[in-house]
Amino acid sequence: MTTLNTVWPLFDLMLATPRLELRPIRGHEIPAAVAAAQSGIHARDRNPFSTPWTELPAEELGPNMARWYWRCRAECTPESWTLLLGIWRGGEFIGCQDVGAKDFATLKTVSTGSWLKQSVQGRGFGKEMRAAVALYAFDWLGAEVAESEAASWNEASLGVSRSLGYELNGITRKAWGTQVETVQHVRLTPDSFKRPDWTLKVEGHEAAANFLKVT
């Protein structure tokens with residue numbers, strides 16, 4: 001029998017850490033993601049996102065998020081892909097961790113981004129979910145480099161990067177909504193990675209890797 005997971009095997013991918021479950025966001029789970037975002041992610045005067053999507057009016061935020069999730073899925077090919085992984089803790093949606101790549105077969109490089117709702121920040125979840133995708137990228141996908149970036153003032157994000165062994169990789173000036181920000185780039189390799197003391201559990205990898213043509 002042909003099922004949605006047969007047609008789109010990425011839906012079977014699941015990464016599990018000691019406290020969190022990371023898996024692709026399905027259509028019926030978008031409302032939970034929207035509710036988590038609407039509950040608050042950051043201080044009003046400090047937006048950590050280069051595209052200020054969190055500043056949209058409530059009636060526009062949901063449709064905008066849905067469009068983004070659907071766009072990433074529609075444009076997912078072996079040459080350019082982004083996995084938008086929802087973060088669940090005890091059945092509650094608390095944030096999103098993405099991992100993506102362009103020309104992965106050649107470059108073996110992934111990039112990551114994430115957010116957590118404010119009510120669960122400061123408990124180490126950000127580090128745990130970033131460690132999860134780094135482990136998956138290096139140990140399962142065969143990546144050689146993982147890259148990320150953050151505004152230079154975003155100590156929470158940069159602190160997670162430092163704690164996992166990311167090295168500074170230059171700065172740039174970028175348009176951050178209507179503002180200009182200094183952006184710190186960071187880079188992680190299997191050699192510099194400070195691995196967690198827990199083991200990542202992975203389900204659905206083989207079908208996902210075949211779908212993305214990752215060998």
# chains A, B, ... in the order shown; residues from 1 in each chain; ligands from 1
$ select_by_dssp --residues "stretch 7-211 of chain A" --states "strand (DSSP E or B)" --output "PyMOL selection string"
chain A and resi 14-16+21-24+77+80-89+92-102+109-116+145-151+167-176+179-188+201-203
$ write_last_selection --atoms "C-alpha atoms" --output "PDB file, in the first residue's frame"
ATOM      1  CA  MET A  14      13.335  10.916  13.863  1.00  0.00           C
ATOM      2  CA  LEU A  15      16.241  11.978  16.068  1.00  0.00           C
ATOM      3  CA  ALA A  16      15.987  11.393  19.804  1.00  0.00           C
ATOM      4  CA  GLU A  21      12.498  14.375  19.876  1.00  0.00           C
ATOM      5  CA  LEU A  22      13.334  16.017  16.549  1.00  0.00           C
ATOM      6  CA  ARG A  23      11.324  15.168  13.440  1.00  0.00           C
ATOM      7  CA  PRO A  24      10.034  16.856  10.282  1.00  0.00           C
ATOM      8  CA  THR A  77      15.959  18.093  -3.782  1.00  0.00           C
ATOM      9  CA  SER A  80      19.379  21.730  -2.227  1.00  0.00           C
ATOM     10  CA  TRP A  81      17.502  20.652   0.868  1.00  0.00           C
ATOM     11  CA  THR A  82      16.385  21.932   4.253  1.00  0.00           C
ATOM     12  CA  LEU A  83      15.024  19.656   6.963  1.00  0.00           C
ATOM     13  CA  LEU A  84      12.737  21.626   9.277  1.00  0.00           C
ATOM     14  CA  LEU A  85      12.735  19.522  12.419  1.00  0.00           C
ATOM     15  CA  GLY A  86      10.150  20.266  15.049  1.00  0.00           C
ATOM     16  CA  ILE A  87      11.317  19.930  18.651  1.00  0.00           C
ATOM     17  CA  TRP A  88       9.032  17.980  20.976  1.00  0.00           C
ATOM     18  CA  ARG A  89       9.515  17.549  24.708  1.00  0.00           C
ATOM     19  CA  GLU A  92       4.835  19.483  23.604  1.00  0.00           C
ATOM     20  CA  PHE A  93       6.102  21.415  20.585  1.00  0.00           C
ATOM     21  CA  ILE A  94       8.764  23.813  21.871  1.00  0.00           C
ATOM     22  CA  GLY A  95      10.732  24.975  18.831  1.00  0.00           C
ATOM     23  CA  CYS A  96      12.378  24.187  15.537  1.00  0.00           C
ATOM     24  CA  GLN A  97      15.849  23.091  14.478  1.00  0.00           C
ATOM     25  CA  ASP A  98      16.709  23.161  10.806  1.00  0.00           C
ATOM     26  CA  VAL A  99      19.633  21.571   8.993  1.00  0.00           C
ATOM     27  CA  GLY A 100      20.193  22.059   5.297  1.00  0.00           C
ATOM     28  CA  ALA A 101      22.714  21.876   2.492  1.00  0.00           C
ATOM     29  CA  LYS A 102      23.409  22.856  -1.078  1.00  0.00           C
ATOM     30  CA  THR A 109      28.727  20.929   4.365  1.00  0.00           C
ATOM     31  CA  VAL A 110      25.527  21.633   6.277  1.00  0.00           C
ATOM     32  CA  SER A 111      24.165  24.792   7.843  1.00  0.00           C
ATOM     33  CA  THR A 112      21.832  25.061  10.812  1.00  0.00           C
ATOM     34  CA  GLY A 113      19.408  27.461  12.455  1.00  0.00           C
ATOM     35  CA  SER A 114      16.929  27.169  15.291  1.00  0.00           C
ATOM     36  CA  TRP A 115      14.477  28.777  17.685  1.00  0.00           C
ATOM     37  CA  LEU A 116      12.897  27.920  21.013  1.00  0.00           C
ATOM     38  CA  VAL A 145      31.662  20.750   8.062  1.00  0.00           C
ATOM     39  CA  ALA A 146      28.693  22.281   9.909  1.00  0.00           C
ATOM     40  CA  GLU A 147      28.219  26.032   9.710  1.00  0.00           C
ATOM     41  CA  SER A 148      26.051  28.516  11.561  1.00  0.00           C
ATOM     42  CA  GLU A 149      25.816  32.237  12.221  1.00  0.00           C
ATOM     43  CA  ALA A 150      24.377  34.712  14.697  1.00  0.00           C
ATOM     44  CA  ALA A 151      24.230  38.429  15.270  1.00  0.00           C
ATOM     45  CA  GLU A 167      35.357  27.920  15.770  1.00  0.00           C
ATOM     46  CA  LEU A 168      35.010  31.542  14.654  1.00  0.00           C
ATOM     47  CA  ASN A 169      34.802  31.792  10.883  1.00  0.00           C
ATOM     48  CA  GLY A 170      34.769  35.517  10.067  1.00  0.00           C
ATOM     49  CA  ILE A 171      32.246  38.332  10.304  1.00  0.00           C
ATOM     50  CA  THR A 172      30.046  40.071   7.753  1.00  0.00           C
ATOM     51  CA  ARG A 173      27.591  42.967   7.708  1.00  0.00           C
ATOM     52  CA  LYS A 174      24.074  41.976   6.752  1.00  0.00           C
ATOM     53  CA  ALA A 175      20.685  43.556   6.404  1.00  0.00           C
ATOM     54  CA  TRP A 176      18.754  42.446   9.497  1.00  0.00           C
ATOM     55  CA  GLN A 179      18.784  47.366  10.400  1.00  0.00           C
ATOM     56  CA  VAL A 180      22.414  46.503   9.719  1.00  0.00           C
ATOM     57  CA  GLU A 181      23.986  43.876  11.958  1.00  0.00           C
ATOM     58  CA  THR A 182      27.478  42.491  12.375  1.00  0.00           C
ATOM     59  CA  VAL A 183      27.094  38.745  11.910  1.00  0.00           C
ATOM     60  CA  GLN A 184      29.484  36.219  13.412  1.00  0.00           C
ATOM     61  CA  HIS A 185      29.983  33.055  11.374  1.00  0.00           C
ATOM     62  CA  VAL A 186      31.045  29.829  13.096  1.00  0.00           C
ATOM     63  CA  ARG A 187      32.300  26.487  11.798  1.00  0.00           C
ATOM     64  CA  LEU A 188      32.379  22.988  13.255  1.00  0.00           C
ATOM     65  CA  LYS A 201      18.942   7.613  18.557  1.00  0.00           C
ATOM     66  CA  VAL A 202      17.962   7.742  14.886  1.00  0.00           C
ATOM     67  CA  GLU A 203      15.024   6.208  13.063  1.00  0.00           C
TER      68      GLU A 203
END
$ select_by_dssp --residues "stretch 1-209 of chain A" --states "alpha helix (DSSP H)" --output "PyMOL selection string"
chain A and resi 4-7+30-38+58-74+104-107+125-135+155-164+205-209
$ residues_around --residues "stretch 1-6 of chain A" --least-positions-apart "3" --cutoff "12 Å" --atoms "only C-alpha atoms" --output "PyMOL selection string"
chain A and resi 9-13+24+26-27+204+207-208+211
$ closest_residue --among "A:Gly62, A:Gly90, A:Gly126, A:Pro18" --to "A:Gln38" --atoms "only C-alpha atoms"
A:Gly62
$ closest_residue --among "A:Ser163, A:Asn210, A:Val133, A:Lys108" --to "A:Trp8" --atoms "only C-alpha atoms"
A:Asn210
$ closest_residue --among "A:Arg67, A:Arg123, A:His205, A:Lys194" --to "A:Ala156" --atoms "only C-alpha atoms"
A:Arg123
$ closest_residue --among "A:Val214, A:Leu200, A:Ala134, A:Ala37" --to "A:Ser161" --atoms "only C-alpha atoms"
A:Ala134
$ residues_around --residues "A:Ala58" --least-positions-apart "2" --cutoff "12 Å" --atoms "only C-alpha atoms" --output "ChimeraX atom specification"
/A:34-35,37-40,53-56,60-65
$ decode --residues "stretch 38-69 of chain A" --atoms "N, CA, C and O atoms" --output "mmCIF file, in the first residue's frame"
data_model
loop_
_atom_site.group_PDB
_atom_site.id
_atom_site.type_symbol
_atom_site.label_atom_id
_atom_site.label_comp_id
_atom_site.auth_asym_id
_atom_site.auth_seq_id
_atom_site.Cartn_x
_atom_site.Cartn_y
_atom_site.Cartn_z
ATOM 1 N N GLN A 38 3.968 32.171 18.628
ATOM 2 C CA GLN A 38 3.148 33.273 19.126
ATOM 3 C C GLN A 38 3.289 33.474 20.629
ATOM 4 O O GLN A 38 3.041 34.569 21.136
ATOM 5 N N SER A 39 3.720 32.446 21.334
ATOM 6 C CA SER A 39 3.901 32.576 22.778
ATOM 7 C C SER A 39 5.116 33.437 23.132
ATOM 8 O O SER A 39 5.278 33.839 24.281
ATOM 9 N N GLY A 40 5.976 33.698 22.130
ATOM 10 C CA GLY A 40 7.157 34.533 22.350
ATOM 11 C C GLY A 40 8.446 33.759 22.190
ATOM 12 O O GLY A 40 8.569 32.632 22.690
ATOM 13 N N ILE A 41 9.402 34.367 21.460
ATOM 14 C CA ILE A 41 10.691 33.725 21.228
ATOM 15 C C ILE A 41 11.837 34.585 21.743
ATOM 16 O O ILE A 41 12.830 34.076 22.237
ATOM 17 N N HIS A 42 11.695 35.908 21.645
ATOM 18 C CA HIS A 42 12.800 36.801 21.980
ATOM 19 C C HIS A 42 12.246 38.126 22.515
ATOM 20 O O HIS A 42 11.050 38.423 22.383
ATOM 21 N N ALA A 43 13.155 38.905 23.112
ATOM 22 C CA ALA A 43 12.779 40.233 23.598
ATOM 23 C C ALA A 43 12.342 41.105 22.427
ATOM 24 O O ALA A 43 12.853 40.969 21.307
ATOM 25 N N ARG A 44 11.430 42.007 22.686
ATOM 26 C CA ARG A 44 10.847 42.823 21.618
ATOM 27 C C ARG A 44 11.897 43.632 20.857
ATOM 28 O O ARG A 44 11.799 43.820 19.656
ATOM 29 N N ASP A 45 12.924 44.105 21.562
ATOM 30 C CA ASP A 45 13.911 44.981 20.920
ATOM 31 C C ASP A 45 15.165 44.251 20.462
ATOM 32 O O ASP A 45 16.150 44.875 20.079
ATOM 33 N N ARG A 46 15.172 42.899 20.508
ATOM 34 C CA ARG A 46 16.343 42.137 20.096
ATOM 35 C C ARG A 46 15.908 40.954 19.247
ATOM 36 O O ARG A 46 15.654 39.863 19.754
ATOM 37 N N ASN A 47 15.815 41.162 17.929
ATOM 38 C CA ASN A 47 15.367 40.087 17.041
ATOM 39 C C ASN A 47 16.577 39.317 16.522
ATOM 40 O O ASN A 47 17.423 39.878 15.821
ATOM 41 N N PRO A 48 16.673 38.028 16.838
ATOM 42 C CA PRO A 48 17.836 37.248 16.407
ATOM 43 C C PRO A 48 17.763 36.762 14.968
ATOM 44 O O PRO A 48 18.691 36.096 14.496
ATOM 45 N N PHE A 49 16.680 37.083 14.261
ATOM 46 C CA PHE A 49 16.479 36.562 12.910
ATOM 47 C C PHE A 49 16.717 37.640 11.865
ATOM 48 O O PHE A 49 16.189 38.750 11.971
ATOM 49 N N SER A 50 17.492 37.294 10.828
ATOM 50 C CA SER A 50 17.782 38.264 9.774
ATOM 51 C C SER A 50 16.524 38.639 9.010
ATOM 52 O O SER A 50 16.400 39.770 8.517
ATOM 53 N N THR A 51 15.587 37.708 8.909
ATOM 54 C CA THR A 51 14.254 38.007 8.373
ATOM 55 C C THR A 51 13.316 38.129 9.566
ATOM 56 O O THR A 51 13.093 37.133 10.265
ATOM 57 N N PRO A 52 12.774 39.300 9.845
ATOM 58 C CA PRO A 52 12.018 39.522 11.091
ATOM 59 C C PRO A 52 10.614 38.930 11.058
ATOM 60 O O PRO A 52 9.622 39.626 11.283
ATOM 61 N N TRP A 53 10.530 37.633 10.845
ATOM 62 C CA TRP A 53 9.221 36.982 10.699
ATOM 63 C C TRP A 53 8.419 36.996 11.995
ATOM 64 O O TRP A 53 7.184 37.011 11.968
ATOM 65 N N THR A 54 9.102 37.040 13.131
ATOM 66 C CA THR A 54 8.388 37.023 14.414
ATOM 67 C C THR A 54 7.691 38.343 14.711
ATOM 68 O O THR A 54 6.881 38.422 15.637
ATOM 69 N N GLU A 55 8.001 39.382 13.942
ATOM 70 C CA GLU A 55 7.401 40.692 14.181
ATOM 71 C C GLU A 55 6.119 40.907 13.389
ATOM 72 O O GLU A 55 5.496 41.965 13.485
ATOM 73 N N LEU A 56 5.721 39.896 12.621
ATOM 74 C CA LEU A 56 4.484 40.019 11.852
ATOM 75 C C LEU A 56 3.273 40.064 12.785
ATOM 76 O O LEU A 56 3.303 39.477 13.876
ATOM 77 N N PRO A 57 2.202 40.724 12.380
ATOM 78 C CA PRO A 57 0.963 40.679 13.165
ATOM 79 C C PRO A 57 0.493 39.233 13.325
ATOM 80 O O PRO A 57 0.774 38.373 12.480
ATOM 81 N N ALA A 58 -0.222 38.975 14.401
ATOM 82 C CA ALA A 58 -0.653 37.608 14.704
ATOM 83 C C ALA A 58 -1.398 36.961 13.545
ATOM 84 O O ALA A 58 -1.210 35.766 13.264
ATOM 85 N N GLU A 59 -2.220 37.744 12.842
ATOM 86 C CA GLU A 59 -3.011 37.163 11.762
ATOM 87 C C GLU A 59 -2.166 36.827 10.528
ATOM 88 O O GLU A 59 -2.605 36.093 9.648
ATOM 89 N N GLU A 60 -0.933 37.344 10.473
ATOM 90 C CA GLU A 60 -0.045 37.065 9.342
ATOM 91 C C GLU A 60 1.030 36.044 9.672
ATOM 92 O O GLU A 60 1.580 35.402 8.773
ATOM 93 N N LEU A 61 1.343 35.901 10.962
ATOM 94 C CA LEU A 61 2.424 35.009 11.358
ATOM 95 C C LEU A 61 2.155 33.568 10.947
ATOM 96 O O LEU A 61 3.027 32.902 10.377
ATOM 97 N N GLY A 62 0.952 33.066 11.241
ATOM 98 C CA GLY A 62 0.627 31.681 10.909
ATOM 99 C C GLY A 62 0.735 31.382 9.427
ATOM 100 O O GLY A 62 1.435 30.428 9.026
ATOM 101 N N PRO A 63 0.057 32.146 8.551
ATOM 102 C CA PRO A 63 0.179 31.895 7.121
ATOM 103 C C PRO A 63 1.617 31.980 6.620
ATOM 104 O O PRO A 63 2.036 31.201 5.761
ATOM 105 N N ASN A 64 2.386 32.925 7.174
ATOM 106 C CA ASN A 64 3.776 33.066 6.742
ATOM 107 C C ASN A 64 4.593 31.832 7.117
ATOM 108 O O ASN A 64 5.409 31.340 6.321
ATOM 109 N N MET A 65 4.393 31.318 8.341
ATOM 110 C CA MET A 65 5.105 30.121 8.760
ATOM 111 C C MET A 65 4.708 28.930 7.902
ATOM 112 O O MET A 65 5.553 28.138 7.488
ATOM 113 N N ALA A 66 3.412 28.794 7.636
ATOM 114 C CA ALA A 66 2.947 27.681 6.807
ATOM 115 C C ALA A 66 3.571 27.742 5.420
ATOM 116 O O ALA A 66 4.021 26.723 4.875
ATOM 117 N N ARG A 67 3.602 28.932 4.837
ATOM 118 C CA ARG A 67 4.215 29.079 3.514
ATOM 119 C C ARG A 67 5.674 28.651 3.531
ATOM 120 O O ARG A 67 6.159 27.995 2.599
ATOM 121 N N TRP A 68 6.381 29.025 4.590
ATOM 122 C CA TRP A 68 7.799 28.677 4.697
ATOM 123 C C TRP A 68 7.981 27.166 4.801
ATOM 124 O O TRP A 68 8.826 26.584 4.114
ATOM 125 N N TYR A 69 7.193 26.515 5.642
ATOM 126 C CA TYR A 69 7.308 25.061 5.780
ATOM 127 C C TYR A 69 6.988 24.360 4.467
ATOM 128 O O TYR A 69 7.691 23.434 4.050
#
